[in-house]
2 protein chains.
Amino acid sequence: MSEVDRFLNQPVNWLKSTGPESDVVISSRLRMARNLKTFHFSGRLVAEKRADLIREVGDVVRNSNFLKKASYILVDGLCELDRQFLLERHLVSRELIAEEGKCAVAITPDEMVSLMVIEEDHLRLQVFQSGLNLLETWRIADEIDTELEKKLEFAFDATLGYLTACPTNVGTGLRASCMLHLPSLVLTKQVHKVLQALSKLNLAVRGLYGEGTQASGNFFQFSNQITLGQPEEEVINNLEGVIRQVITHEREAREYLKKKRKSKMEDQIWRALAALKAARLMSSSEAIQLLSLVQVGVDVGILQGQVTHTDLNQLFLLIQPAHLQKTNGKELNTTDRDAFRADRIREYFSKVVL
Amino acid sequence: MSEVDRFLNQPVNWLKSTGPESDVVISSRLRMARNLKTFHFSGRLVAEKRADLIREVGDVVRNSNFLKKASYILVDGLCELDRQFLLERHLVSRELIAEEGKCAVAITPDEMVSLMVIEEDHLRLQVFQSGLNLLETWRIADEIDTELEKKLEFAFDATLGYLTACPTNVGTGLRASCMLHLPSLVLTKQVHKVLQALSKLNLAVRGLYGEGTQASGNFFQFSNQITLGQPEEEVINNLEGVIRQVITHEREAREYLKKKRKSKMEDQIWRALAALKAARLMSSSEAIQLLSLVQVGVDVGILQGQVTHTDLNQLFLLIQPAHLQKTNGKELNTTDRDAFRADRIREYFSKVVL
């Protein structure tokens, strides 16, 4: 039994589609970068100092109001599968699981907060919420930050603000992001126009798993680029304002599709559902594409009562390679994974009527 | 009520998959070309003479033992939809329905025999059988030919044999063909090798609707090329011998797929069935492709008990454009046809369990 197994069969709270605007915005996430004044930056930390830092942060976590129930996991002690599993749940970053030295993560039981220790910066705090709810992620992050700052001395410069390993994070050390589902903008081929407009507003667009990953299955992660010279609330309000516009565009595109391309859209949605109900082999990228189309079906009212957003969001997670292998209880090669994934998906959709 | 409507809701006997080797051979067809000595060839027949010829042949048909119950239909009097309908049932040729002058066809109630009048030749007799049964088509055609020859004087040369409008048919005037379903040779990419070997044996390979059409949905029509200098039985035996070899290859490929690519094949078959159960829009070429895969499913035992060859063969026919429109009771544009086709197919497969 591994330390991370407790999360396996629990639904992810911030994927429950209970938050505002959750027909378009899957989730909101706030990430905050902090470094301890008393240690070198992560890249220059020797093994002994890494252990000291992890111990020191661990003590603070255990005595914190917010984080005292968190699991404090030594990531370098996990097997490859468990690391991938945490990555698929967005609880750790690609960078953290690639670390060669000691590193750790604190995860609250509800998975709404994770605190990575010795990533690019000493501390990377992540707070998740369902739907469009950046202000709440900021409120929570701010409280945890304040609490941590009472016990840990953070590297801070009166002019620049919080100091970080990479200059692009200096200042607030804050990155706010939302995961959006924009199938109708993709289907109506308007998404590139929207993305181009966003890049002019200093916003970044990425795929399901953050930096360096491509948008897939109509999912797009929007985040702020600026961390310097703007107060946190302003950054968050700016991003939320832009996202509200994107939501409006996506909803307009949905209405357009419902009115003008009804039969074509219905055809695609029912076929997607059918493939999910029938396939014996399925890659994760195909599954994401098809589940995304089924989600459109729910949004436009075609599959209402049969499938829910909440279930689909959980399924997106369960069909990822590490989740599949942990469910299966042992490692699987790609072909076996494709077969096991198809089995899980068929089982899930077995009661849904075509 | 049109003259051809009587055929609409009747299953086609030679598509019933009751004949020999019907897991691979859909049907056998024998075509015989004859011309009347007392008339110019079709291309040079004036309108008045065309009418005379149709009348003369009509009298013989009505007094014939074999054809007396046949419908004798003036093809030039039919609307475009009805002509297409007969073409889809293989009862007339593309050439016949493109004729600008008067022309006719006699069709027996069971649709096993059709006699086209004023096609490229004055008479084109077609005899169909289910499965690989060329000798039976030849036996029937020979009897009808003998009967017709008692009343009609055929153009015949003691050296050359029967004279025909096109020199490629001179001699026996006979073309024997079989429609084969070769999905496994296609899936294992061996079909081109097989087709190349056949072309060296003076056999022609065509698509579902004969000359000038491409093979689609894994269906291939094999026929003899030689009509001169070979007795009919020899032509038929040669063709049948080659077809038996192709059957062996196809069956070997099926066994190979069942053993070596089981999950990939099952995946394709179930997905095909799912698409048929779910689509809201479907072109006829996609439908043929998918139905062909479902047929593979029946052949390898996956869908046994749920779907039969007989039903699938009838469905292949019912989803053709003219059949759809006649079922619908009025003409439909392409998009409406794709929707109506998908509806019919969904209805058909509604009880089949994924």
# chains A, B, ... in the order shown; residues from 1 in each chain; ligands from 1
$ closest_atom_pairs --of "chain A" --to "chain B" --cutoff "7 Å" --atoms "only C-alpha atoms" --output "CSV"
residue,atom,partner,partner_atom,distance
A:Ser263,CA,B:Arg280,CA,6.7
A:Glu266,CA,B:Arg280,CA,6.8
A:Asp267,CA,B:Arg280,CA,4.5
A:Trp270,CA,B:Ala278,CA,5.3
A:Arg271,CA,B:Ala278,CA,5.4
A:Ala274,CA,B:Ala274,CA,5.0
A:Ala275,CA,B:Arg271,CA,5.6
A:Ala278,CA,B:Trp270,CA,5.3
A:Ala279,CA,B:Asp267,CA,5.2
A:Arg280,CA,B:Asp267,CA,4.5
A:Leu281,CA,B:Asp267,CA,6.0
A:Leu354,CA,B:Ala278,CA,6.2
$ calpha_fit_and_write --fixed "chain B" --moving "chain A" --output "compact mmCIF listing (two decimals) with C-alpha atoms, in the first residue's frame"
# COMPACT_ATOMS: atom_id res chain seq x y z
CA MET A 1 -47.91 3.32 -57.70
CA SER A 2 -45.09 2.55 -60.07
CA GLU A 3 -44.53 -0.68 -61.96
CA VAL A 4 -41.34 -1.36 -60.01
CA ASP A 5 -42.84 -0.84 -56.53
CA ARG A 6 -43.72 -4.53 -56.20
CA PHE A 7 -40.01 -5.23 -55.70
CA LEU A 8 -39.48 -2.59 -53.00
CA ASN A 9 -40.39 -4.52 -49.89
CA GLN A 10 -39.39 -7.94 -51.12
CA PRO A 11 -36.06 -9.41 -50.10
CA VAL A 12 -33.71 -10.18 -52.98
CA ASN A 13 -33.46 -13.96 -53.27
CA TRP A 14 -29.91 -14.04 -54.54
CA LEU A 15 -28.80 -11.86 -51.62
CA LYS A 16 -30.06 -14.35 -49.05
CA SER A 17 -26.67 -15.93 -48.38
CA THR A 18 -28.16 -19.39 -48.73
CA GLY A 19 -25.82 -20.53 -51.51
CA PRO A 20 -22.47 -22.36 -51.31
CA GLU A 21 -19.48 -20.54 -49.76
CA SER A 22 -21.67 -17.59 -48.89
CA ASP A 23 -19.32 -16.48 -46.12
CA VAL A 24 -17.12 -15.13 -48.93
CA VAL A 25 -19.16 -15.24 -52.15
CA ILE A 26 -22.24 -13.02 -51.99
CA SER A 27 -23.65 -13.96 -55.36
CA SER A 28 -23.03 -15.45 -58.80
CA ARG A 29 -24.26 -13.87 -61.98
CA LEU A 30 -24.25 -15.00 -65.59
CA ARG A 31 -24.84 -12.54 -68.38
CA MET A 32 -25.48 -13.57 -71.97
CA ALA A 33 -25.48 -11.24 -75.01
CA ARG A 34 -27.66 -12.01 -78.03
CA ASN A 35 -28.76 -10.09 -81.12
CA LEU A 36 -31.60 -10.65 -83.51
CA LYS A 37 -30.56 -11.31 -87.09
CA THR A 38 -33.55 -9.40 -88.45
CA PHE A 39 -32.63 -6.04 -86.85
CA HIS A 40 -29.66 -3.69 -87.02
CA PHE A 41 -27.46 -3.63 -83.90
CA SER A 42 -28.84 -1.39 -81.11
CA GLY A 43 -26.66 1.60 -81.98
CA ARG A 44 -28.19 1.82 -85.47
CA LEU A 45 -31.82 1.03 -84.62
CA VAL A 46 -34.29 3.77 -85.51
CA ALA A 47 -37.14 4.53 -83.11
CA GLU A 48 -39.73 2.58 -85.10
CA LYS A 49 -37.54 -0.53 -85.24
CA ARG A 50 -36.82 -0.28 -81.51
CA ALA A 51 -40.56 -0.41 -80.86
CA ASP A 52 -40.90 -3.41 -83.20
CA LEU A 53 -38.06 -5.26 -81.48
CA ILE A 54 -39.46 -4.58 -78.00
CA ARG A 55 -42.88 -5.80 -79.16
CA GLU A 56 -41.46 -8.94 -80.75
CA VAL A 57 -39.37 -9.85 -77.69
CA GLY A 58 -42.31 -9.04 -75.42
CA ASP A 59 -44.48 -11.58 -77.25
CA VAL A 60 -41.81 -14.25 -76.86
CA VAL A 61 -41.40 -13.43 -73.17
CA ARG A 62 -45.13 -13.70 -72.47
CA ASN A 63 -45.25 -17.12 -74.15
CA SER A 64 -42.05 -18.43 -72.56
CA ASN A 65 -42.15 -21.07 -69.82
CA PHE A 66 -39.40 -19.37 -67.88
CA LEU A 67 -40.37 -15.76 -68.34
CA LYS A 68 -44.15 -15.78 -68.61
CA LYS A 69 -44.63 -14.44 -65.07
CA ALA A 70 -41.99 -11.75 -65.57
CA SER A 71 -42.84 -8.04 -65.43
CA TYR A 72 -42.08 -6.56 -68.83
CA ILE A 73 -41.18 -2.96 -68.11
CA LEU A 74 -40.57 -0.14 -70.60
CA VAL A 75 -37.49 1.40 -69.02
CA ASP A 76 -37.64 4.67 -70.98
CA GLY A 77 -41.10 5.23 -69.51
CA LEU A 78 -39.82 5.10 -65.93
CA CYS A 79 -38.89 8.14 -63.88
CA GLU A 80 -35.23 8.64 -62.99
CA LEU A 81 -35.79 7.35 -59.43
CA ASP A 82 -37.32 4.07 -60.63
CA ARG A 83 -34.45 3.52 -63.07
CA GLN A 84 -31.91 4.06 -60.29
CA PHE A 85 -33.93 1.71 -58.11
CA LEU A 86 -33.66 -1.10 -60.70
CA LEU A 87 -29.94 -0.39 -61.09
CA GLU A 88 -29.37 -0.66 -57.33
CA ARG A 89 -31.07 -4.07 -57.44
CA HIS A 90 -28.72 -5.03 -60.31
CA LEU A 91 -31.77 -5.78 -62.51
CA VAL A 92 -30.66 -3.35 -65.20
CA SER A 93 -27.28 -2.00 -66.26
CA ARG A 94 -25.98 1.55 -66.18
CA GLU A 95 -26.00 1.43 -70.00
CA LEU A 96 -29.67 0.46 -70.20
CA ILE A 97 -30.91 3.27 -67.98
CA ALA A 98 -28.76 5.75 -69.95
CA GLU A 99 -30.41 4.71 -73.26
CA GLU A 100 -32.16 7.62 -74.95
CA GLY A 101 -34.42 5.51 -77.13
CA LYS A 102 -37.03 2.94 -76.20
CA CYS A 103 -35.75 -0.01 -74.19
CA ALA A 104 -37.22 -2.59 -71.85
CA VAL A 105 -36.50 -5.21 -69.23
CA ALA A 106 -38.25 -8.43 -68.25
CA ILE A 107 -37.85 -9.34 -64.58
CA THR A 108 -39.06 -12.58 -63.00
CA PRO A 109 -41.06 -12.20 -59.77
CA ASP A 110 -38.20 -13.69 -57.71
CA GLU A 111 -35.69 -11.30 -59.38
CA MET A 112 -33.41 -14.24 -60.22
CA VAL A 113 -33.62 -13.53 -63.96
CA SER A 114 -33.69 -10.29 -65.91
CA LEU A 115 -33.71 -9.84 -69.68
CA MET A 116 -32.66 -6.39 -70.87
CA VAL A 117 -33.93 -5.42 -74.31
CA ILE A 118 -31.96 -2.94 -76.46
CA GLU A 119 -28.92 -2.46 -74.32
CA GLU A 120 -25.54 -2.51 -76.13
CA ASP A 121 -26.87 -5.76 -77.62
CA HIS A 122 -30.50 -6.46 -78.40
CA LEU A 123 -30.77 -8.90 -75.54
CA ARG A 124 -28.82 -9.12 -72.37
CA LEU A 125 -29.97 -12.00 -70.20
CA GLN A 126 -28.87 -11.99 -66.55
CA VAL A 127 -29.27 -14.91 -64.14
CA PHE A 128 -28.42 -14.59 -60.44
CA GLN A 129 -27.78 -17.15 -57.72
CA SER A 130 -26.82 -16.84 -54.07
CA GLY A 131 -23.23 -17.80 -53.18
CA LEU A 132 -20.81 -19.56 -55.52
CA ASN A 133 -23.15 -21.22 -57.98
CA LEU A 134 -22.06 -20.32 -61.49
CA LEU A 135 -22.97 -23.71 -62.95
CA GLU A 136 -26.57 -23.23 -61.88
CA THR A 137 -26.70 -19.74 -63.40
CA TRP A 138 -25.32 -21.25 -66.61
CA ARG A 139 -27.84 -24.11 -66.56
CA ILE A 140 -30.73 -21.67 -66.19
CA ALA A 141 -29.38 -19.21 -68.76
CA ASP A 142 -28.80 -22.03 -71.21
CA GLU A 143 -32.39 -23.26 -70.87
CA ILE A 144 -33.83 -19.76 -71.35
CA ASP A 145 -31.49 -19.17 -74.29
CA THR A 146 -32.61 -22.41 -75.92
CA GLU A 147 -36.23 -21.48 -75.42
CA LEU A 148 -35.78 -17.98 -76.85
CA GLU A 149 -33.82 -19.31 -79.80
CA LYS A 150 -36.83 -21.36 -80.86
CA LYS A 151 -38.80 -18.17 -81.46
CA LEU A 152 -36.10 -15.59 -82.25
CA GLU A 153 -33.43 -15.88 -84.92
CA PHE A 154 -30.10 -14.90 -83.32
CA ALA A 155 -27.15 -13.45 -85.24
CA PHE A 156 -24.71 -16.37 -85.31
CA ASP A 157 -21.60 -17.17 -87.29
CA ALA A 158 -20.44 -20.77 -87.64
CA THR A 159 -16.79 -19.83 -87.02
CA LEU A 160 -17.09 -16.96 -84.52
CA GLY A 161 -20.22 -18.00 -82.66
CA TYR A 162 -22.80 -15.43 -81.45
CA LEU A 163 -22.28 -11.98 -82.95
CA THR A 164 -22.34 -8.99 -80.62
CA ALA A 165 -22.14 -5.20 -80.91
CA CYS A 166 -18.77 -5.10 -79.19
CA PRO A 167 -16.08 -7.55 -80.44
CA THR A 168 -15.05 -8.37 -76.85
CA ASN A 169 -18.31 -10.28 -76.43
CA VAL A 170 -18.28 -12.21 -79.71
CA GLY A 171 -18.36 -16.00 -79.41
CA THR A 172 -20.19 -17.21 -76.34
CA GLY A 173 -21.54 -13.74 -75.56
CA LEU A 174 -21.14 -14.85 -72.01
CA ARG A 175 -19.83 -13.11 -68.93
CA ALA A 176 -19.81 -14.98 -65.66
CA SER A 177 -19.11 -13.07 -62.46
CA CYS A 178 -19.14 -13.46 -58.71
CA MET A 179 -19.37 -10.80 -56.03
CA LEU A 180 -16.87 -11.54 -53.28
CA HIS A 181 -16.53 -10.05 -49.81
CA LEU A 182 -12.82 -9.95 -48.97
CA PRO A 183 -12.47 -7.88 -45.81
CA SER A 184 -9.65 -9.93 -44.32
CA LEU A 185 -7.52 -9.76 -47.45
CA VAL A 186 -8.05 -6.00 -47.37
CA LEU A 187 -7.26 -5.70 -43.64
CA THR A 188 -4.09 -7.77 -44.02
CA LYS A 189 -3.14 -5.75 -47.13
CA GLN A 190 -2.90 -8.87 -49.30
CA VAL A 191 -5.71 -8.00 -51.66
CA HIS A 192 -3.58 -6.18 -54.24
CA LYS A 193 -1.27 -9.17 -54.57
CA VAL A 194 -4.31 -11.38 -55.19
CA LEU A 195 -5.81 -8.95 -57.70
CA GLN A 196 -2.52 -8.69 -59.60
CA ALA A 197 -2.33 -12.45 -59.93
CA LEU A 198 -5.89 -12.50 -61.26
CA SER A 199 -5.26 -9.94 -63.98
CA LYS A 200 -2.64 -12.33 -65.42
CA LEU A 201 -5.35 -15.00 -65.67
CA ASN A 202 -7.54 -12.83 -67.93
CA LEU A 203 -10.01 -12.15 -65.19
CA ALA A 204 -11.44 -8.70 -64.51
CA VAL A 205 -12.07 -7.23 -61.08
CA ARG A 206 -14.64 -4.49 -60.58
CA GLY A 207 -16.67 -2.75 -57.88
CA LEU A 208 -20.17 -3.33 -56.56
CA TYR A 209 -21.91 -1.94 -59.65
CA GLY A 210 -19.84 -3.50 -62.42
CA GLU A 211 -17.82 -1.91 -65.18
CA GLY A 212 -16.35 1.48 -64.38
CA THR A 213 -17.05 1.31 -60.66
CA GLN A 214 -14.46 1.01 -57.94
CA ALA A 215 -14.31 -1.72 -55.36
CA SER A 216 -15.78 -0.34 -52.12
CA GLY A 217 -16.40 -1.71 -48.66
CA ASN A 218 -14.29 -4.77 -49.35
CA PHE A 219 -16.58 -5.99 -52.17
CA PHE A 220 -15.06 -7.18 -55.42
CA GLN A 221 -16.71 -8.47 -58.57
CA PHE A 222 -14.67 -11.08 -60.45
CA SER A 223 -15.49 -11.96 -64.05
CA ASN A 224 -14.10 -13.71 -67.11
CA GLN A 225 -12.63 -11.65 -69.96
CA ILE A 226 -12.56 -14.30 -72.68
CA THR A 227 -15.64 -15.05 -74.80
CA LEU A 228 -13.97 -16.46 -77.88
CA GLY A 229 -12.51 -19.94 -78.43
CA GLN A 230 -13.52 -21.42 -75.10
CA PRO A 231 -16.68 -23.45 -74.46
CA GLU A 232 -19.01 -21.98 -71.84
CA GLU A 233 -18.44 -24.74 -69.28
CA GLU A 234 -14.69 -24.26 -69.50
CA VAL A 235 -14.96 -20.50 -68.95
CA ILE A 236 -17.16 -21.11 -65.92
CA ASN A 237 -14.97 -23.85 -64.49
CA ASN A 238 -11.86 -21.71 -64.89
CA LEU A 239 -13.45 -18.78 -63.10
CA GLU A 240 -14.86 -20.98 -60.34
CA GLY A 241 -11.44 -22.57 -59.83
CA VAL A 242 -9.79 -19.19 -59.37
CA ILE A 243 -12.54 -18.01 -57.06
CA ARG A 244 -12.09 -21.13 -54.90
CA GLN A 245 -8.45 -20.14 -54.46
CA VAL A 246 -9.40 -16.61 -53.48
CA ILE A 247 -11.90 -18.05 -50.97
CA THR A 248 -9.11 -20.11 -49.42
CA HIS A 249 -6.87 -17.03 -49.14
CA GLU A 250 -9.67 -14.97 -47.56
CA ARG A 251 -10.43 -17.72 -45.02
CA GLU A 252 -6.76 -18.06 -44.13
CA ALA A 253 -6.57 -14.30 -43.63
CA ARG A 254 -9.63 -14.48 -41.37
CA GLU A 255 -8.00 -17.17 -39.25
CA TYR A 256 -4.82 -15.12 -39.07
CA LEU A 257 -6.74 -12.03 -37.91
CA LYS A 258 -8.70 -14.03 -35.36
CA LYS A 259 -5.51 -15.44 -33.87
CA LYS A 260 -2.96 -12.70 -34.27
CA ARG A 261 -4.92 -9.47 -34.26
CA LYS A 262 -7.92 -10.42 -32.18
CA SER A 263 -8.30 -7.32 -30.05
CA LYS A 264 -7.60 -4.88 -32.89
CA MET A 265 -10.19 -6.67 -35.04
CA GLU A 266 -12.78 -6.86 -32.27
CA ASP A 267 -12.22 -3.18 -31.63
CA GLN A 268 -12.92 -2.30 -35.28
CA ILE A 269 -16.01 -4.49 -35.46
CA TRP A 270 -17.63 -3.21 -32.27
CA ARG A 271 -16.85 0.39 -33.23
CA ALA A 272 -18.44 -0.15 -36.64
CA LEU A 273 -21.57 -1.54 -35.04
CA ALA A 274 -21.63 1.33 -32.55
CA ALA A 275 -21.37 3.94 -35.29
CA LEU A 276 -24.26 2.26 -37.13
CA LYS A 277 -26.32 2.30 -33.92
CA ALA A 278 -25.54 5.94 -33.19
CA ALA A 279 -24.99 8.02 -36.31
CA ARG A 280 -27.51 10.71 -37.25
CA LEU A 281 -25.95 11.29 -40.67
CA MET A 282 -24.36 8.63 -42.85
CA SER A 283 -23.22 8.51 -46.47
CA SER A 284 -23.79 5.32 -48.40
CA SER A 285 -20.07 4.67 -48.84
CA GLU A 286 -19.48 4.91 -45.09
CA ALA A 287 -22.47 2.65 -44.46
CA ILE A 288 -21.08 0.04 -46.84
CA GLN A 289 -17.69 0.17 -45.11
CA LEU A 290 -19.24 -0.23 -41.66
CA LEU A 291 -21.71 -2.94 -42.69
CA SER A 292 -18.80 -4.79 -44.26
CA LEU A 293 -16.98 -4.74 -40.90
CA VAL A 294 -20.10 -5.96 -39.12
CA GLN A 295 -20.23 -8.79 -41.67
CA VAL A 296 -16.68 -9.70 -40.63
CA GLY A 297 -17.99 -9.77 -37.07
CA VAL A 298 -20.63 -12.29 -38.06
CA ASP A 299 -18.06 -14.36 -39.98
CA VAL A 300 -15.62 -14.57 -37.08
CA GLY A 301 -18.40 -15.34 -34.63
CA ILE A 302 -18.41 -12.10 -32.66
CA LEU A 303 -21.93 -10.99 -33.48
CA GLN A 304 -23.45 -14.40 -34.00
CA GLY A 305 -27.09 -14.63 -33.03
CA GLN A 306 -27.47 -10.85 -33.18
CA VAL A 307 -27.00 -10.12 -36.88
CA THR A 308 -27.26 -12.35 -39.94
CA HIS A 309 -25.59 -12.23 -43.33
CA THR A 310 -29.02 -12.28 -44.97
CA ASP A 311 -30.18 -9.19 -43.11
CA LEU A 312 -26.94 -7.35 -43.78
CA ASN A 313 -27.13 -8.10 -47.50
CA GLN A 314 -30.67 -6.72 -47.63
CA LEU A 315 -29.57 -3.67 -45.70
CA PHE A 316 -26.76 -3.01 -48.20
CA LEU A 317 -29.52 -2.65 -50.76
CA LEU A 318 -32.01 -0.67 -48.69
CA ILE A 319 -29.55 2.12 -47.86
CA GLN A 320 -28.81 2.93 -51.51
CA PRO A 321 -30.09 6.36 -52.60
CA ALA A 322 -33.02 5.25 -54.80
CA HIS A 323 -34.18 2.60 -52.33
CA LEU A 324 -34.13 5.16 -49.54
CA GLN A 325 -36.14 7.64 -51.56
CA LYS A 326 -38.71 5.08 -52.63
CA THR A 327 -39.06 3.93 -49.01
CA ASN A 328 -39.48 7.55 -47.97
CA GLY A 329 -42.11 8.04 -50.65
CA LYS A 330 -40.48 11.12 -52.16
CA GLU A 331 -37.17 12.48 -53.43
CA LEU A 332 -34.56 13.58 -50.90
CA ASN A 333 -31.45 15.74 -51.28
CA THR A 334 -28.06 14.35 -50.21
CA THR A 335 -28.17 15.69 -46.64
CA ASP A 336 -31.73 14.51 -46.08
CA ARG A 337 -30.77 11.14 -47.52
CA ASP A 338 -27.83 10.87 -45.14
CA ALA A 339 -30.17 11.62 -42.23
CA PHE A 340 -32.88 9.21 -43.41
CA ARG A 341 -30.26 6.52 -44.10
CA ALA A 342 -28.86 6.90 -40.59
CA ASP A 343 -32.40 6.67 -39.17
CA ARG A 344 -33.14 3.45 -41.06
CA ILE A 345 -29.84 1.91 -40.02
CA ARG A 346 -30.28 2.90 -36.36
CA GLU A 347 -33.75 1.44 -36.39
CA TYR A 348 -32.42 -1.77 -37.88
CA PHE A 349 -29.66 -2.12 -35.27
CA SER A 350 -31.68 -0.83 -32.32
CA LYS A 351 -32.10 -4.28 -30.80
CA VAL A 352 -28.50 -5.31 -31.30
CA VAL A 353 -26.60 -5.08 -28.01
CA LEU A 354 -23.13 -3.53 -27.91
$ select_by_dssp --residues "segment 118-346 of chain B" --states "strand (DSSP E)" --output "ChimeraX atom specification"
/B:123-130,156-157,161-162,174-181,203-206,219-224
$ select_by_dssp --residues "segment 126-350 of chain B" --states "alpha helix (DSSP H)" --output "count of residues only"
128
